[in-house]
Amino acid sequence: MTRPHPPGWLIGLFIASLALGTDEFVIAGLLFELSTDLRISTGTAGQLVTVFALVFALSAPAMAMLLNPYPRRRVILIALAVFTVANVLAAVAPTFAVLVALRAVAGLAAAVVSSLAFAIASEAAPRDQQGRYLSAVTAGLTVALFTGVPVGTWLGGLLGWRATFVLIAVVAAGAMTLLAVGLPQLTGAPAISLRERLSPLRNRPVLRLVVAVFLSGVGGLMFYSYLSALLHQHQGDTKALPWVLLIVGIIGVPSVFFGGTLADRHGSRVSRLTVIGGHAIALALNATLFALRAPFFVVLLGIGVWAVFAWALNPPMQAGVIEAAPEAAMTAISLNIAGLYLGTAAGAAAGGFIADGPGPLWIPVAGTVALTAAWASAAFRTQAAANSPGTARSASPAADALAGDRP
């Protein structure tokens, strides 16, 4: 029996996620083009990551609550249109200040699109295929790592950074077209209060895990965002950067499943401590390799080891928050994702100061410190973990699908 082909609107959601993921991560590959053209420092250019991630993290819960009662189709099409226009205008932004403002608008629109994409996939999927449909949305974010980001970086190096924003806008417009043609009408859901949405933050284990994922985002995304600066210091140029980002993305896909397998087999506590601890060790290894100016192929191996643990992070962390707050699993997951985006923003900001101050070589050192603190925050035990190591991750099919969202 053959499986039915996915509907066009699901492909549209996949492409929309691909555009969002590319827009979020591609700045890491454009730092030198941006700094040269706009006459700003590398660290200042990196704050474009900070703005996007910070606006996304702060607006996602509030926008989800505000827009939840409205029809899904109308809201996601409007948000995608705003996202597309923001990227078109970014391609012609005359100054860095204007570009910062447009990145904020894109981050706000992306927060709406991302939340609605998961909601639509869940609500419109056949009863026995929710996990598969949600995974398709998640796959767009992961695939962006080894398609959109390297291609956007290559295009930016060839035609300038403005061309990359045009590419993102074209991809988003394609997604919008598919959704406009095929997405079914879906009514909104009853609104819930902010107190109800944020109730897991009164749960100490959830709070500790949100802190841990925040610190993991600080360390891991700081390193990723400033790989170009590290490679420039090591090689004298960034010609190898698109290939390095391609390798990181290719490694990232199986690493997501590695993290999920660990959570299934060993429970959330063992798996998250294994991944966070490995992440800290990998960053320390990279700090050493860059400081010693190791041969490039050795540095590449070090980056590959880092990518395994960086992209394996989310399944154990999301299993942990579900285990800690099973009565509000989806809310706990959303807080986990918000913590990761806040970590991305803080890491990009801190990395910019380090790159412009002590120098890029100190970035993996700072990342190691952040991941060590994350390990300590995540080291608590729960009764559920002791009794049933494999059940946490299966608590929600949406959790399984959301598990591979980001490093």
# chains A, B, ... in the order shown; residues from 1 in each chain; ligands from 1

call {"tool": "residues_around", "arguments": {"residues": "Gly217 of chain A", "least_positions_apart": "3", "cutoff": "6 Å", "atoms": "only C-alpha atoms", "output": "number ranges by chain"}}
result
A: 214, 220-221, 340, 343-344

call {"tool": "residues_around", "arguments": {"residues": "Ala28 of chain A", "least_positions_apart": "6", "cutoff": "9 Å", "atoms": "only C-alpha atoms", "output": "MDAnalysis selection string"}}
result
chainID A and resid 46 49 149 153 224:228

call {"tool": "closest_residue", "arguments": {"among": "A:Leu283, A:Ala79, A:Leu141, A:Leu245", "to": "Ala370 of chain A", "atoms": "only C-alpha atoms"}}
result
A:Leu283

call {"tool": "closest_residue", "arguments": {"among": "A:Arg208, A:His279, A:His234, A:Arg272", "to": "Ala332 of chain A", "atoms": "only C-alpha atoms"}}
result
A:Arg208

call {"tool": "atom_distance", "arguments": {"atom1": "atom CA of Gly21 of chain A", "atom2": "atom CA of Phe56 of chain A"}}
result
12.3 Å

call {"tool": "closest_residue", "arguments": {"among": "A:Gly29, A:Pro254, A:Pro94, A:Gly367", "to": "Ala350 of chain A", "atoms": "only C-alpha atoms"}}
result
A:Gly367

call {"tool": "atom_distance", "arguments": {"atom1": "atom CA of Ser114 of chain A", "atom2": "atom CA of Gln185 of chain A"}}
result
17.9 Å

call {"tool": "closest_residue", "arguments": {"among": "A:Val55, A:Leu246, A:Ala173, A:Leu183", "to": "Leu10 of chain A", "atoms": "only C-alpha atoms"}}
result
A:Leu183

call {"tool": "select_by_dssp", "arguments": {"residues": "segment 13-212 of chain A", "states": "helix (DSSP H, G or I)", "output": "PyMOL selection string"}}
result
chain A and resi 13-29+31-38+42-67+72-90+96-124+130-146+148-159+161-182+194-197+199-202+204-212
